[in-house]
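See structure below.
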Amino acid sequence: MRRIFTSLLVLLLLVSGAAAWWLHEPMPLKLQPGAQVVDLEIEPGTRANTVAEVVVASGVDVPTLLLQLWFRLSGQARQIKAGSYEIVPGTTPRKLLSMLVRGEETLKNVTLVEGWNFNQVRAALQKAEQLVPDTQGLSPETIMEKLGRPGIHPEGRFFPDTYTYAKGASDVAVLKRAARAMDKRVEAAWALRSPDTPLKTPEQALILASIVEKETGKASDRAQIAGVFINRLRIGMPLQTDPTVIYGLGDKFDGNLRKRDLQTDTTYNTYTRAGLPPTPIAMPGKAALLAAVQPAPTKALYFVARGDGSSQFSSNLDEHNRAVNKYIRGQ
């Protein structure tokens, strides 16, 4: 009996040693042509034994039974999370289980840029890697309904930022996050508004911020440009800003803004109509939002681009005309 017991003990030690060695050994991968990783998709509700089968079927060259035993004996089988994963060369059985338990999904990202309009946002989402285009073919109105915002114009409602997502996620989910982010940014900016601002609502702040965003790419000029528009709003002077006219032209704009465009009345033509346009015209970033609610104290009513990204500000029309002659007409 003693000899049998000793033999069993030695065998158990050998098995334990082999198991410990196997858990720390990189698993062989059957990579698809041109692939550098094995893509693994675990559906919600998948049992641990089936997870092991999916792992092997995806391209991990190990015995299914060994993975099933490892998952079960680890005591963590029920903690495996559904999701999209990438198994890279060098992954061991222990690392694999840790990744699945922690839910370390493969994340992709898409960047929404300050100053973009809604059409540009949609184009970026459609090109985003492994993001499901559930909004493709839908009207802007239908998309906003899907986001729980029926009747809301989509322009400017999404905060420009880089958003991460799991492979196979819906573009609707990304838009929801971006919309919530903009809500928070607008709310935070509105709480910091100057006490004497003529802006009446957070919506008006968002609209003005979108104009400021489109009028300059130079950070140091944003507050000054916002100050010009605030001054004009105070005295009822038309904003006379080209980006709103261009937005109102839509697909008709060919890159060349003509005099007749400035004279043709639309709801977005701030040359023919006083006050703010009816909606934002682009996505403003945090700096533009703050500039809209905390404009620089200035007497300027005019500004013109210098040609280097900055602007020349003037407090009266004579000064402005001289600036136009200098920087636009080259006189």
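Chains: A, B, ... in order of the structure tokens. Residues: from 1 per chain. Ligands: from 1, in order shown.
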
Do you know which residues are at most 6 Å from A:Pro280 counting only C-alpha atoms, after dropping those on the same chain fewer than 3 positions away, and could you put them as a PyMOL selection string?
chain A and resi 155-156+207+210

Which residues are near A:Phe303? Cut-off 7 Å, only C-alpha atoms, ignore same chain within fewer than 4 positions. Put them as a PDB file with N, CA and C atoms, in the first residue's frame.
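out37.pdb, freshly written:
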ATOM      1  N   SER A 311      -6.560  87.741 -35.731  1.00  0.00           N
ATOM      2  CA  SER A 311      -7.528  88.740 -36.181  1.00  0.00           C
ATOM      3  C   SER A 311      -7.132  90.137 -35.715  1.00  0.00           C
ATOM      4  N   GLN A 312      -7.515  91.124 -36.508  1.00  0.00           N
ATOM      5  CA  GLN A 312      -7.341  92.532 -36.163  1.00  0.00           C
ATOM      6  C   GLN A 312      -8.695  93.065 -35.693  1.00  0.00           C
ATOM      7  N   PHE A 313      -8.747  93.642 -34.495  1.00  0.00           N
ATOM      8  CA  PHE A 313     -10.001  94.107 -33.903  1.00  0.00           C
ATOM      9  C   PHE A 313     -10.098  95.632 -33.991  1.00  0.00           C
ATOM     10  N   SER A 314     -11.323  96.110 -34.222  1.00  0.00           N
ATOM     11  CA  SER A 314     -11.553  97.555 -34.357  1.00  0.00           C
ATOM     12  C   SER A 314     -12.824  97.932 -33.597  1.00  0.00           C
ATOM     13  N   HIS A 320     -12.064  99.655 -38.928  1.00  0.00           N
ATOM     14  CA  HIS A 320     -12.292  98.359 -39.557  1.00  0.00           C
ATOM     15  C   HIS A 320     -12.018  98.413 -41.057  1.00  0.00           C
TER      16      HIS A 320
END

Within 6 Å of stretch 37-42 of chain A using only C-alpha atoms, minus same-chain residues under 2 positions, as a PyMOL selection string
chain A and resi 35+82-88

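Remark: for A:Val55, the closest of the candidate residues A:Thr272, A:Gln263, A:Gln68, A:Asn325 is A:Gln68 (distances computed over only C-alpha atoms).
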
I need the residues of stretch 34-268 of chain A that end up classed as alpha helix (DSSP H) by DSSP on the backbone, written out as a PyMOL selection string.
chain A and resi 48-58+64-74+93-102+118-127+140-146+171-191+202-215+222-235+242-249+259-263

Calculate how many Å separate atom CA of A:Leu206 from atom CA of A:Ala288, rounding to one decimal.
9.0 Å
